[in-house]
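Visitor: So here's structure-v7.cif (mmCIF, C-alpha atoms and all ligand atoms).
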```cif
data_protein
#
loop_
_atom_site.label_atom_id
_atom_site.label_comp_id
_atom_site.auth_asym_id
_atom_site.auth_seq_id
_atom_site.Cartn_x
_atom_site.Cartn_y
_atom_site.Cartn_z
CA MET A 1 -23.17 11.03 9.33
CA THR A 2 -24.88 9.96 12.55
CA TYR A 3 -24.40 6.30 13.40
CA GLU A 4 -26.18 3.79 15.63
CA PRO A 5 -24.63 0.74 17.25
CA THR A 6 -27.26 -1.78 16.09
CA LEU A 7 -27.34 -4.56 13.52
CA GLU A 8 -30.51 -3.09 12.09
CA PHE A 9 -28.73 0.18 11.41
CA ALA A 10 -25.65 -1.55 9.93
CA ARG A 11 -27.88 -3.59 7.61
CA HIS A 12 -29.70 -0.47 6.58
CA LEU A 13 -26.37 1.11 5.54
CA ASP A 14 -25.44 -2.06 3.67
CA GLU A 15 -28.71 -2.05 1.75
CA ALA A 16 -28.20 1.57 0.76
CA ASP A 17 -24.58 0.94 -0.29
CA PRO A 18 -24.16 1.30 -4.08
CA LEU A 19 -20.99 -0.85 -3.92
CA ARG A 20 -22.57 -3.74 -2.00
CA GLY A 21 -22.48 -6.09 -5.03
CA PHE A 22 -18.66 -6.15 -5.14
CA ARG A 23 -18.44 -8.26 -1.98
CA GLU A 24 -19.83 -11.28 -3.86
CA ARG A 25 -17.00 -11.01 -6.33
CA PHE A 26 -14.39 -11.91 -3.72
CA ALA A 27 -13.55 -15.18 -2.00
CA LEU A 28 -14.61 -14.58 1.61
CA PRO A 29 -12.52 -16.68 4.00
CA ARG A 30 -14.07 -19.25 6.34
CA GLY A 31 -13.02 -20.78 9.65
CA PRO A 32 -12.25 -24.45 10.35
CA ARG A 33 -15.94 -25.34 10.75
CA GLY A 34 -16.90 -23.54 7.58
CA GLU A 35 -18.19 -20.51 9.47
CA PRO A 36 -17.79 -17.16 7.71
CA LEU A 37 -15.06 -14.97 9.19
CA VAL A 38 -15.10 -11.21 9.47
CA TYR A 39 -12.04 -10.20 7.47
CA LEU A 40 -10.62 -6.83 8.52
CA CYS A 41 -7.08 -7.50 7.33
CA GLY A 42 -7.03 -6.28 3.73
CA HIS A 43 -4.25 -3.85 4.69
CA SER A 44 -2.01 -6.89 5.03
CA LEU A 45 -3.30 -9.30 2.37
CA GLY A 46 -6.26 -8.38 0.21
CA LEU A 47 -8.91 -11.00 -0.54
CA MET A 48 -8.92 -12.93 -3.79
CA PRO A 49 -11.10 -11.51 -6.56
CA LEU A 50 -13.04 -14.55 -7.85
CA ALA A 51 -12.13 -13.56 -11.41
CA ALA A 52 -8.43 -14.06 -10.59
CA ARG A 53 -8.81 -17.83 -10.89
CA GLY A 54 -10.00 -17.66 -14.49
CA ILE A 55 -7.23 -15.31 -15.53
CA VAL A 56 -4.51 -17.40 -13.87
CA MET A 57 -6.03 -20.56 -15.41
CA GLN A 58 -5.96 -18.87 -18.79
CA GLU A 59 -2.22 -18.31 -18.43
CA LEU A 60 -1.69 -21.94 -17.37
CA ASP A 61 -3.82 -23.15 -20.29
CA ASP A 62 -1.90 -20.94 -22.71
CA TRP A 63 1.38 -22.19 -21.32
CA ALA A 64 0.17 -25.80 -21.64
CA ALA A 65 -1.13 -25.35 -25.18
CA LEU A 66 1.31 -22.87 -26.65
CA ALA A 67 4.50 -23.15 -24.61
CA VAL A 68 7.03 -20.63 -25.93
CA LEU A 69 4.59 -19.37 -28.54
CA GLY A 70 2.56 -17.89 -25.67
CA HIS A 71 5.00 -14.98 -25.55
CA GLU A 72 3.33 -13.71 -28.72
CA HIS A 73 0.13 -15.72 -29.01
CA ALA A 74 -1.32 -16.18 -25.52
CA ARG A 75 -4.73 -14.62 -25.13
CA ARG A 76 -2.87 -11.86 -23.30
CA PRO A 77 0.55 -12.10 -24.92
CA TRP A 78 3.26 -12.37 -22.29
CA ILE A 79 5.85 -10.05 -23.84
CA PRO A 80 3.82 -6.84 -23.42
CA TYR A 81 2.02 -8.15 -20.30
CA HIS A 82 2.71 -5.03 -18.24
CA GLU A 83 0.50 -3.10 -20.65
CA ASN A 84 -2.53 -4.93 -19.22
CA LEU A 85 -1.82 -3.27 -15.89
CA ARG A 86 -0.69 0.18 -16.95
CA GLY A 87 -4.02 1.99 -17.28
CA GLY A 88 -5.47 0.66 -14.04
CA LEU A 89 -2.33 1.43 -12.04
CA ALA A 90 -2.01 4.91 -13.56
CA ALA A 91 -5.61 5.69 -12.56
CA LEU A 92 -4.99 4.61 -8.96
CA ALA A 93 -1.64 6.41 -8.73
CA GLY A 94 -2.88 9.62 -10.32
CA ALA A 95 -0.21 9.23 -12.97
CA ARG A 96 0.14 9.34 -16.74
CA PRO A 97 0.19 5.81 -18.14
CA GLY A 98 3.83 6.10 -19.19
CA GLU A 99 4.84 6.99 -15.61
CA VAL A 100 3.93 3.64 -14.04
CA VAL A 101 4.99 0.07 -14.51
CA ALA A 102 4.18 -3.19 -12.76
CA MET A 103 7.43 -4.98 -12.06
CA SER A 104 9.44 -6.94 -9.55
CA SER A 105 8.52 -6.45 -5.89
CA LEU A 106 8.31 -3.58 -3.46
CA THR A 107 11.65 -3.60 -1.66
CA VAL A 108 13.53 -4.52 -4.83
CA ASN A 109 11.89 -1.62 -6.65
CA LEU A 110 12.79 0.66 -3.76
CA HIS A 111 16.43 -0.36 -4.20
CA LEU A 112 16.28 0.23 -7.95
CA LEU A 113 14.79 3.69 -7.52
CA LEU A 114 17.15 4.66 -4.70
CA ALA A 115 20.07 3.51 -6.86
CA ALA A 116 19.00 6.10 -9.43
CA PHE A 117 17.61 8.90 -7.28
CA TYR A 118 19.87 8.89 -4.23
CA ARG A 119 22.84 10.93 -5.44
CA PRO A 120 24.69 12.10 -2.36
CA SER A 121 27.12 14.89 -3.12
CA GLY A 122 29.09 17.32 -0.99
CA ALA A 123 27.21 18.18 2.18
CA ARG A 124 23.95 16.84 0.75
CA ARG A 125 24.08 13.21 1.78
CA ARG A 126 21.20 12.48 4.09
CA ILE A 127 18.05 10.45 3.56
CA LEU A 128 15.10 11.49 5.72
CA ILE A 129 12.54 8.83 6.73
CA GLU A 130 10.04 8.53 9.54
CA ALA A 131 11.09 6.96 12.86
CA GLY A 132 9.47 3.54 13.10
CA ALA A 133 9.47 3.02 9.32
CA PHE A 134 8.62 -0.43 8.01
CA SER A 135 11.73 -2.51 8.67
CA SER A 136 12.30 -3.38 5.02
CA ASP A 137 12.34 0.28 3.97
CA ARG A 138 14.79 1.13 6.70
CA HIS A 139 17.05 -1.77 5.73
CA ALA A 140 16.90 -0.69 2.08
CA VAL A 141 17.76 2.93 2.87
CA ALA A 142 20.51 2.09 5.38
CA SER A 143 22.12 -0.37 2.99
CA GLN A 144 21.96 2.09 0.08
CA ILE A 145 23.82 4.59 2.24
CA ALA A 146 26.42 2.02 3.31
CA TRP A 147 26.75 0.73 -0.29
CA ARG A 148 28.00 4.19 -1.23
CA GLY A 149 30.63 4.09 1.48
CA LEU A 150 28.73 6.46 3.78
CA ASP A 151 27.74 5.91 7.38
CA PRO A 152 24.03 5.31 8.01
CA ARG A 153 24.44 6.57 11.58
CA GLU A 154 25.24 9.95 10.09
CA ALA A 155 23.30 9.95 6.81
CA LEU A 156 20.06 8.21 7.83
CA VAL A 157 17.77 10.63 9.66
CA GLU A 158 14.62 9.31 11.31
CA LEU A 159 12.09 11.97 12.17
CA SER A 160 10.26 11.19 15.41
CA PRO A 161 6.83 12.30 16.51
CA PRO A 162 6.70 14.77 19.41
CA VAL A 163 7.00 13.11 22.84
CA GLY A 164 3.71 11.50 23.82
CA SER A 165 2.40 11.31 20.26
CA ASP A 166 2.49 8.57 17.63
CA LEU A 167 2.10 10.93 14.71
CA VAL A 168 4.69 12.86 12.75
CA THR A 169 3.19 16.04 11.38
CA GLU A 170 3.77 17.56 7.96
CA GLU A 171 4.85 20.73 9.84
CA SER A 172 7.71 18.87 11.46
CA ILE A 173 8.93 17.62 8.06
CA GLU A 174 8.80 21.19 6.77
CA ALA A 175 10.60 22.48 9.84
CA TYR A 176 13.36 19.89 9.53
CA LEU A 177 13.87 20.65 5.85
CA GLU A 178 13.90 24.39 6.43
CA GLU A 179 16.64 23.99 8.98
CA ARG A 180 18.71 21.11 7.59
CA GLY A 181 17.44 20.68 4.02
CA ALA A 182 20.83 21.53 2.51
CA GLU A 183 22.20 18.32 4.08
CA VAL A 184 19.37 16.14 2.74
CA ALA A 185 19.57 14.41 -0.64
CA LEU A 186 16.30 12.50 -0.54
CA VAL A 187 13.14 12.11 1.52
CA LEU A 188 11.39 8.74 1.52
CA TRP A 189 7.95 9.01 3.08
CA PRO A 190 4.98 6.64 3.34
CA GLY A 191 1.61 7.61 1.89
CA VAL A 192 -0.02 5.88 4.86
CA GLN A 193 2.12 4.80 7.81
CA TYR A 194 1.74 1.03 8.21
CA ARG A 195 1.62 0.93 12.01
CA THR A 196 -0.37 4.05 12.86
CA GLY A 197 -2.59 4.26 9.77
CA GLN A 198 -1.76 7.98 9.47
CA ALA A 199 -2.18 9.31 5.93
CA PHE A 200 0.02 12.19 4.82
CA ASP A 201 -0.57 15.15 2.55
CA LEU A 202 1.86 14.04 -0.13
CA GLY A 203 1.52 17.23 -2.18
CA ARG A 204 2.51 19.31 0.79
CA ILE A 205 5.47 17.04 1.55
CA ALA A 206 6.61 17.05 -2.09
CA ARG A 207 6.52 20.87 -2.12
CA ALA A 208 8.59 21.13 1.06
CA VAL A 209 11.06 18.55 -0.22
CA HIS A 210 11.51 20.34 -3.53
CA ARG A 211 11.82 23.75 -1.85
CA ALA A 212 14.79 22.30 0.00
CA GLY A 213 16.27 21.01 -3.26
CA CYS A 214 15.82 17.31 -2.39
CA VAL A 215 14.21 14.32 -4.11
CA ALA A 216 10.71 13.20 -2.98
CA GLY A 217 10.14 9.42 -3.01
CA PHE A 218 7.03 7.76 -1.61
CA ASP A 219 6.31 4.26 -0.38
CA LEU A 220 2.65 3.67 -1.24
CA ALA A 221 2.33 0.10 0.08
CA HIS A 222 -0.56 1.19 2.29
CA SER A 223 -1.88 3.95 0.04
CA ILE A 224 -2.44 2.63 -3.44
CA GLY A 225 -5.99 1.37 -3.79
CA ASN A 226 -6.74 2.93 -0.39
CA MET A 227 -6.33 6.69 -0.82
CA PRO A 228 -6.77 9.00 -3.80
CA LEU A 229 -3.35 9.80 -5.22
CA ALA A 230 -2.12 12.45 -7.65
CA LEU A 231 1.53 11.59 -8.14
CA HIS A 232 1.88 13.38 -11.45
CA ASP A 233 0.31 16.65 -10.33
CA ILE A 234 2.14 16.83 -7.02
CA GLU A 235 5.37 16.20 -8.97
CA ALA A 236 6.47 13.27 -6.84
CA ASP A 237 9.85 12.17 -8.14
CA PHE A 238 9.28 8.45 -7.65
CA ALA A 239 7.05 5.99 -5.81
CA VAL A 240 6.91 2.26 -5.18
CA TRP A 241 4.22 -0.12 -3.96
CA CYS A 242 3.19 -3.73 -3.59
CA SER A 243 0.00 -5.24 -4.98
CA TYR A 244 -0.96 -7.81 -2.38
CA LYS A 245 -2.41 -5.38 0.19
CA TYR A 246 -5.16 -3.01 -0.99
CA LEU A 247 -4.68 -4.14 -4.61
CA ASN A 248 -5.78 -7.74 -3.89
CA ALA A 249 -3.34 -9.37 -6.32
CA GLY A 250 -2.35 -12.25 -4.04
CA PRO A 251 0.63 -13.27 -1.92
CA GLY A 252 3.94 -12.08 -3.31
CA ALA A 253 2.22 -10.44 -6.30
CA ILE A 254 4.13 -8.29 -8.74
CA GLY A 255 5.02 -4.82 -7.38
CA GLY A 256 4.90 -1.44 -9.08
CA CYS A 257 6.62 1.87 -9.42
CA PHE A 258 6.14 5.42 -10.61
CA VAL A 259 8.77 7.68 -12.14
CA HIS A 260 7.67 11.20 -12.98
CA GLU A 261 7.93 11.84 -16.71
CA ARG A 262 10.24 14.83 -16.21
CA HIS A 263 12.99 12.42 -15.07
CA GLU A 264 15.29 10.23 -17.05
CA PRO A 265 18.17 9.67 -14.66
CA PRO A 266 20.74 6.95 -15.31
CA HIS A 267 19.45 3.77 -13.67
CA LEU A 268 20.14 0.07 -13.37
CA THR A 269 18.94 -1.76 -16.42
CA GLY A 270 18.06 -5.18 -17.81
CA TRP A 271 16.83 -6.44 -21.15
CA TRP A 272 13.16 -5.98 -20.33
CA GLY A 273 13.61 -2.23 -20.10
CA HIS A 274 14.99 -2.18 -23.62
CA GLU A 275 12.61 -0.89 -26.28
CA ARG A 276 10.55 -3.78 -27.46
CA ALA A 277 11.04 -3.40 -31.21
CA THR A 278 14.74 -4.20 -31.01
CA ARG A 279 15.02 -6.05 -27.68
CA PHE A 280 15.37 -9.45 -29.25
CA ARG A 281 18.26 -8.42 -31.46
CA MET A 282 20.17 -8.80 -28.20
CA GLY A 283 22.49 -5.96 -29.12
CA ALA A 284 25.16 -4.58 -26.86
CA GLN A 285 23.68 -1.08 -26.68
CA PHE A 286 20.78 -0.37 -24.33
CA HIS A 287 17.93 1.60 -25.88
CA PRO A 288 15.36 2.21 -23.15
CA ALA A 289 11.64 1.87 -23.64
CA ALA A 290 9.89 5.18 -23.02
CA GLY A 291 8.97 6.13 -19.47
CA ALA A 292 8.70 3.82 -16.49
CA ALA A 293 8.64 0.75 -18.75
CA GLY A 294 12.34 1.37 -19.35
CA TRP A 295 13.01 0.62 -15.68
CA GLN A 296 11.94 -3.02 -16.01
CA ILE A 297 14.80 -5.42 -15.48
CA SER A 298 13.50 -8.95 -16.10
CA ASN A 299 10.62 -10.48 -17.99
CA PRO A 300 7.68 -10.34 -15.59
CA PRO A 301 6.21 -13.14 -13.47
CA ILE A 302 3.02 -13.72 -15.46
CA LEU A 303 1.37 -15.91 -12.80
CA SER A 304 1.81 -13.25 -10.15
CA ALA A 305 0.71 -10.44 -12.48
CA ALA A 306 -2.46 -12.15 -13.75
CA PRO A 307 -4.52 -11.71 -10.54
CA LEU A 308 -3.80 -7.99 -10.67
CA VAL A 309 -5.58 -7.83 -14.02
CA ALA A 310 -8.72 -9.12 -12.29
CA SER A 311 -8.38 -6.78 -9.34
CA LEU A 312 -7.73 -3.63 -11.36
CA ALA A 313 -10.85 -4.34 -13.40
CA LEU A 314 -12.88 -4.23 -10.16
CA PHE A 315 -11.29 -0.93 -9.14
CA GLY A 316 -12.08 0.45 -12.57
CA GLU A 317 -15.69 -0.63 -12.31
CA ALA A 318 -16.26 0.63 -8.77
CA GLY A 319 -14.28 3.88 -9.22
CA LEU A 320 -11.90 5.21 -6.59
CA PRO A 321 -14.09 8.21 -5.58
CA SER A 322 -17.00 5.90 -4.68
CA LEU A 323 -14.67 3.50 -2.91
CA ARG A 324 -13.17 6.33 -0.93
CA ARG A 325 -16.62 7.63 0.09
CA LYS A 326 -17.57 4.21 1.39
CA SER A 327 -14.17 3.78 3.05
CA VAL A 328 -14.63 7.02 5.00
CA ALA A 329 -18.08 5.88 6.12
CA LEU A 330 -16.87 2.40 7.12
CA SER A 331 -13.90 3.59 9.15
CA GLY A 332 -16.07 6.37 10.62
CA TYR A 333 -18.52 3.69 11.75
CA LEU A 334 -15.72 1.62 13.27
CA GLU A 335 -14.43 4.70 15.12
CA PHE A 336 -17.93 5.48 16.43
CA LEU A 337 -18.41 1.90 17.63
CA LEU A 338 -15.02 1.77 19.35
CA ASP A 339 -15.78 5.01 21.20
CA ARG A 340 -19.18 3.64 22.20
CA LEU A 341 -18.39 0.00 22.97
CA ALA A 342 -14.70 0.00 23.88
CA PRO A 343 -13.96 3.40 25.40
CA ASP A 344 -10.90 2.12 27.29
CA VAL A 345 -8.85 1.58 24.12
CA GLU A 346 -6.79 4.30 22.51
CA LEU A 347 -7.15 5.11 18.85
CA ILE A 348 -3.65 5.69 17.43
CA THR A 349 -4.89 6.60 13.96
CA PRO A 350 -5.88 10.24 13.41
CA ARG A 351 -9.59 10.99 13.76
CA ALA A 352 -9.77 13.30 10.75
CA ALA A 353 -10.89 11.40 7.64
CA ASP A 354 -8.32 13.22 5.48
CA SER A 355 -5.54 11.93 7.68
CA ARG A 356 -6.30 8.24 7.39
CA GLY A 357 -7.35 5.53 4.98
CA CYS A 358 -9.28 2.36 5.79
CA GLN A 359 -7.15 1.22 8.66
CA LEU A 360 -7.65 2.03 12.33
CA SER A 361 -4.85 1.14 14.75
CA ILE A 362 -6.03 0.46 18.27
CA ARG A 363 -3.75 0.50 21.31
CA ILE A 364 -4.66 -1.94 24.04
CA THR A 365 -3.52 -0.65 27.41
CA GLY A 366 -3.54 -2.47 30.76
CA PRO A 367 -1.51 -5.26 32.33
CA HIS A 368 1.44 -6.82 30.51
CA GLY A 369 0.33 -9.23 27.78
CA ARG A 370 -3.26 -8.01 27.73
CA GLY A 371 -3.06 -6.81 24.14
CA GLU A 372 -2.08 -10.19 22.78
CA ARG A 373 -4.73 -11.95 24.88
CA VAL A 374 -7.37 -9.56 23.57
CA PHE A 375 -6.16 -10.13 20.03
CA ASP A 376 -6.29 -13.92 20.46
CA ALA A 377 -9.81 -13.66 21.89
CA LEU A 378 -10.82 -11.55 18.91
CA THR A 379 -9.40 -14.10 16.49
CA SER A 380 -11.19 -16.95 18.25
CA ARG A 381 -14.44 -15.03 17.68
CA GLY A 382 -13.81 -15.17 13.95
CA ILE A 383 -12.53 -11.63 13.49
CA ILE A 384 -9.36 -11.42 11.39
CA GLY A 385 -7.21 -8.36 12.02
CA ASP A 386 -3.55 -8.22 12.88
CA TRP A 387 -1.32 -7.69 15.82
CA ARG A 388 1.70 -5.40 15.96
CA GLU A 389 4.09 -5.50 18.89
CA PRO A 390 3.99 -4.19 21.50
CA ASP A 391 0.36 -3.18 21.94
CA THR A 392 -1.50 -2.56 18.69
CA ILE A 393 -4.37 -4.22 16.85
CA ARG A 394 -4.91 -3.04 13.28
CA LEU A 395 -8.32 -3.40 11.68
CA ALA A 396 -9.16 -2.24 8.16
CA PRO A 397 -12.66 -2.34 6.68
CA ILE A 398 -12.15 -2.48 2.90
CA PRO A 399 -14.82 -0.80 0.76
CA LEU A 400 -14.65 -3.37 -2.05
CA TYR A 401 -15.63 -6.29 0.15
CA ASN A 402 -16.42 -5.31 3.73
CA SER A 403 -19.88 -4.40 4.97
CA PHE A 404 -21.12 -2.18 7.77
CA ALA A 405 -22.36 -5.38 9.43
CA ASP A 406 -18.74 -6.69 9.37
CA VAL A 407 -17.64 -3.54 11.16
CA LEU A 408 -20.35 -3.94 13.80
CA ARG A 409 -19.46 -7.61 14.40
CA GLY A 410 -15.78 -6.72 14.63
CA ALA A 411 -16.33 -3.91 17.13
CA GLU A 412 -18.73 -5.96 19.27
CA ALA A 413 -16.28 -8.86 19.39
CA LEU A 414 -13.45 -6.51 20.37
CA ALA A 415 -15.58 -5.05 23.16
CA GLN A 416 -16.35 -8.58 24.44
CA ALA A 417 -12.71 -9.61 24.23
CA LEU A 418 -11.73 -6.52 26.26
CA ARG A 419 -14.30 -7.36 28.95
CA LEU A 420 -13.10 -10.96 29.19
CA GLN A 421 -9.40 -9.96 29.35
CA PRO A 422 -9.34 -7.16 31.92
C1 LIG B 501 4.17 -4.40 3.03
C2 LIG B 501 5.33 -3.49 3.05
C3 LIG B 501 6.60 -3.92 2.61
C4 LIG B 501 6.86 -5.33 2.16
O1 LIG B 501 7.91 -5.38 1.24
P1 LIG B 501 8.04 -6.55 0.17
O2 LIG B 501 9.27 -6.17 -0.57
O3 LIG B 501 6.80 -6.57 -0.66
O4 LIG B 501 8.19 -7.85 0.92
C5 LIG B 501 7.63 -2.98 2.63
N1 LIG B 501 7.43 -1.72 3.05
C6 LIG B 501 6.22 -1.29 3.48
C7 LIG B 501 6.05 0.13 3.92
C8 LIG B 501 5.15 -2.17 3.49
O5 LIG B 501 3.97 -1.74 3.94
#
```
Represent the supplied structure as structure tokens.

Guide:
Amino acid sequence: MTYEPTLEFARHLDEADPLRGFRERFALPRGPRGEPLVYLCGHSLGLMPLAARGIVMQELDDWAALAVLGHEHARRPWIPYHENLRGGLAALAGARPGEVVAMSSLTVNLHLLLAAFYRPSGARRRILIEAGAFSSDRHAVASQIAWRGLDPREALVELSPPVGSDLVTEESIEAYLEERGAEVALVLWPGVQYRTGQAFDLGRIARAVHRAGCVAGFDLAHSIGNMPLALHDIEADFAVWCSYKYLNAGPGAIGGCFVHERHEPPHLTGWWGHERATRFRMGAQFHPAAGAAGWQISNPPILSAAPLVASLALFGEAGLPSLRRKSVALSGYLEFLLDRLAPDVELITPRAADSRGCQLSIRITGPHGRGERVFDALTSRGIIGDWREPDTIRLAPIPLYNSFADVLRGAEALAQALRLQP
């Protein structure tokens, strides 16, 4: 597509956008004087679908009116509540419905899945992750290693990008596994790296991991709802995600996980993973529900699951292929504008559309502290992105609710901020 850096052109793209109507179905945040903000931070916390309010209110009303009887008689009965989320999550994950479940939260789910899938034995003890992984993932992996009496300094391997680059390539994962795969028990890799915005070819990684005889786990916090996924077909062993980023389910929303149907390893259990028909007999024996549902531990937080019902309905209506097409065009426009209006910044995120999702990560170079000053100037112009130490601004135009005009305003404000903070 050929782009132009004018509001007229951006508006023209917005008018031609078949998904433009979805923006009105989200709460768009406003500044202190009621002025509309340009929200480019859906990679961190997605906006509220307006329909979320009604669904949450329904649960409160059912609780008020029915109390304990709501478990069976709420409009959406609470006992099988995860079933409301199964189809929508499976579609986004590229999974069979029985392979996914909404439960708990991201890091907790990561622990639960590592507890089952990380089975160090003999020389095969290592977990491979990317250098610069999200802190919580690293803490989870390091503590799982230590919990088993092993030494994270030996068993936790962090694969770095080549010197001078921010990006780890799939080739380097393959090369590591070819050389040292016999020492690796499990590879935990992000679908999209949170800091760089790099998207990985998960099928290729899963193949390399399995060739080396290891387990392939994926953290999809920045992928689900952002990139097309095919977890079943690529034979991922497990995956985890949160729902408050691209899935727009609100702060601290219920998380999710995927377990490929070919697996039924021993895992940590609780009563909610027990098959429903006999759960309330409270027997001593554990009979798991089929598939991922058997991995549930506790009865789910209904008030933090309800907004996800609203959000998944929007994804279903818009369709991931259309969302992805618009996402590629939006981030392509942002890239074009940055090159045109702010040529002194460095784009950390790969330029190939296949190697990124919505988010572009922008490195601000120059004197010490300039990056933060530029970011503050951007914020004071009503553009909401986020700042990552030491030098990075992350901006993500989201196809469900951002417009091409948002992207233009964001890029123009960044260019101004750069000029004012030399
Ligand atoms: C957002 C994010 C988290 C946050 O974990 P919570 O358990 O939801 O607090 C963890 N890991 C990654 C990769 C993330 O992007």

Visitor: Compute the set of protein, DNA and RNA residues whose minimum atom distance to ligand LIG 501 (chain B) is at most 12 Å, using only C-alpha atoms and all ligand atoms, and state it as an MDAnalysis selection string.

Guide: chainID A and resid 42:46 103:111 129:130 132:141 188:197 218:224 239:247 249:256

Visitor: Calculated over all atoms listed in the file, which of the candidates A:Val100, A:Leu308, A:Arg126, A:Pro422 has the smallest distance to Ala290 in chain A?

Guide: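 Of all the options, A:Val100 lies closest to Ala290 in chain A.
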
Visitor: When you draw a straight line from CA of Ala123 in chain A to CA of Glu179 in chain A, how long is it in Å?

Guide: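 Between CA of Ala123 in chain A and CA of Glu179 in chain A the gap is 13.8 Å.
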
Visitor: How far is it from CA of Tyr81 in chain A to CA of Ala64 in chain A, in Å with one decimal?

Guide: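 Going from CA of Tyr81 in chain A over to CA of Ala64 in chain A, I get 17.8 Å.
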
Visitor: From the options A:Leu231, A:Ala102, A:Ile348, A:Leu19, which residue's atoms come nearest to Gly319 in chain A, counting all atoms listed in the file?

Guide: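 Going through A:Leu231, A:Ala102, A:Ile348, A:Leu19 one by one, the smallest distance to Gly319 in chain A is for A:Leu19.
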
Visitor: Using only C-alpha atoms, which of the listed residues (A:Leu156, A:Ile79, A:Ala95, A:Leu314) sits closest to Trp271 in chain A?

Guide: A:Ile79

Visitor: Any idea what the distance is between CA of Gly88 in chain A and CA of Pro300 in chain A?

Guide: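 Taking CA of Gly88 in chain A and CA of Pro300 in chain A, their separation equals 17.2 Å.
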
Visitor: Excluding range 32-39 of chain A and any residue of its chain fewer than 6 positions from it, enumerate the residues within 6 Å of it, using all atoms listed in the file, and give them as a PyMOL selection string.

Guide: chain A and resi 382-384+406

Visitor: Write out as a list in words which residues come within 12 Å of Thr365 in chain A when counting only C-alpha atoms, dropping same-chain ones fewer than 4 positions away.

Guide: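 In the requested form, the answer reads Ala342, Pro343, Asp344, Val345, Glu346, Leu347, Ile348, Gly369, Arg370, Gly371, Glu372, Arg373, Val374, Pro390, Asp391, Thr392, Ile393, Leu418, Gln421 and Pro422 of chain A.
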
Visitor: Using all atoms listed in the file, which residue out of A:Arg325, A:Gln285, A:Ala67, A:Asp354 lies closest to Leu202 in chain A?

Guide: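 That would be A:Asp354, the residue with the smallest distance to Leu202 in chain A.
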
Visitor: As an mmCIF file, keeping the file's coordinate frame, could you write out range 324-334 of chain A once it has been completed with N, CA, C and O atoms?

Guide:
```
data_model
loop_
_atom_site.group_PDB
_atom_site.id
_atom_site.type_symbol
_atom_site.label_atom_id
_atom_site.label_comp_id
_atom_site.auth_asym_id
_atom_site.auth_seq_id
_atom_site.Cartn_x
_atom_site.Cartn_y
_atom_site.Cartn_z
ATOM 1 N N ARG A 324 -13.665 5.485 -2.012
ATOM 2 C CA ARG A 324 -13.170 6.330 -0.930
ATOM 3 C C ARG A 324 -14.343 6.826 -0.058
ATOM 4 O O ARG A 324 -14.247 6.854 1.167
ATOM 5 N N ARG A 325 -15.446 7.196 -0.697
ATOM 6 C CA ARG A 325 -16.620 7.630 0.090
ATOM 7 C C ARG A 325 -17.059 6.533 1.054
ATOM 8 O O ARG A 325 -17.309 6.766 2.225
ATOM 9 N N LYS A 326 -17.144 5.309 0.522
ATOM 10 C CA LYS A 326 -17.570 4.210 1.390
ATOM 11 C C LYS A 326 -16.518 3.925 2.467
ATOM 12 O O LYS A 326 -16.855 3.637 3.621
ATOM 13 N N SER A 327 -15.243 4.018 2.086
ATOM 14 C CA SER A 327 -14.170 3.780 3.050
ATOM 15 C C SER A 327 -14.259 4.743 4.231
ATOM 16 O O SER A 327 -14.119 4.352 5.395
ATOM 17 N N VAL A 328 -14.514 6.013 3.929
ATOM 18 C CA VAL A 328 -14.630 7.020 5.000
ATOM 19 C C VAL A 328 -15.799 6.676 5.916
ATOM 20 O O VAL A 328 -15.702 6.756 7.148
ATOM 21 N N ALA A 329 -16.903 6.230 5.306
ATOM 22 C CA ALA A 329 -18.080 5.880 6.120
ATOM 23 C C ALA A 329 -17.820 4.629 6.958
ATOM 24 O O ALA A 329 -18.199 4.567 8.132
ATOM 25 N N LEU A 330 -17.152 3.634 6.371
ATOM 26 C CA LEU A 330 -16.870 2.400 7.120
ATOM 27 C C LEU A 330 -15.937 2.660 8.290
ATOM 28 O O LEU A 330 -16.197 2.210 9.417
ATOM 29 N N SER A 331 -14.838 3.379 8.041
ATOM 30 C CA SER A 331 -13.900 3.590 9.150
ATOM 31 C C SER A 331 -14.498 4.576 10.156
ATOM 32 O O SER A 331 -14.222 4.482 11.356
ATOM 33 N N GLY A 332 -15.354 5.486 9.685
ATOM 34 C CA GLY A 332 -16.070 6.370 10.620
ATOM 35 C C GLY A 332 -16.994 5.561 11.529
ATOM 36 O O GLY A 332 -17.103 5.841 12.728
ATOM 37 N N TYR A 333 -17.637 4.544 10.948
ATOM 38 C CA TYR A 333 -18.520 3.690 11.750
ATOM 39 C C TYR A 333 -17.707 2.896 12.786
ATOM 40 O O TYR A 333 -18.088 2.797 13.956
ATOM 41 N N LEU A 334 -16.566 2.363 12.333
ATOM 42 C CA LEU A 334 -15.720 1.620 13.270
ATOM 43 C C LEU A 334 -15.255 2.530 14.413
ATOM 44 O O LEU A 334 -15.281 2.134 15.589
#
```
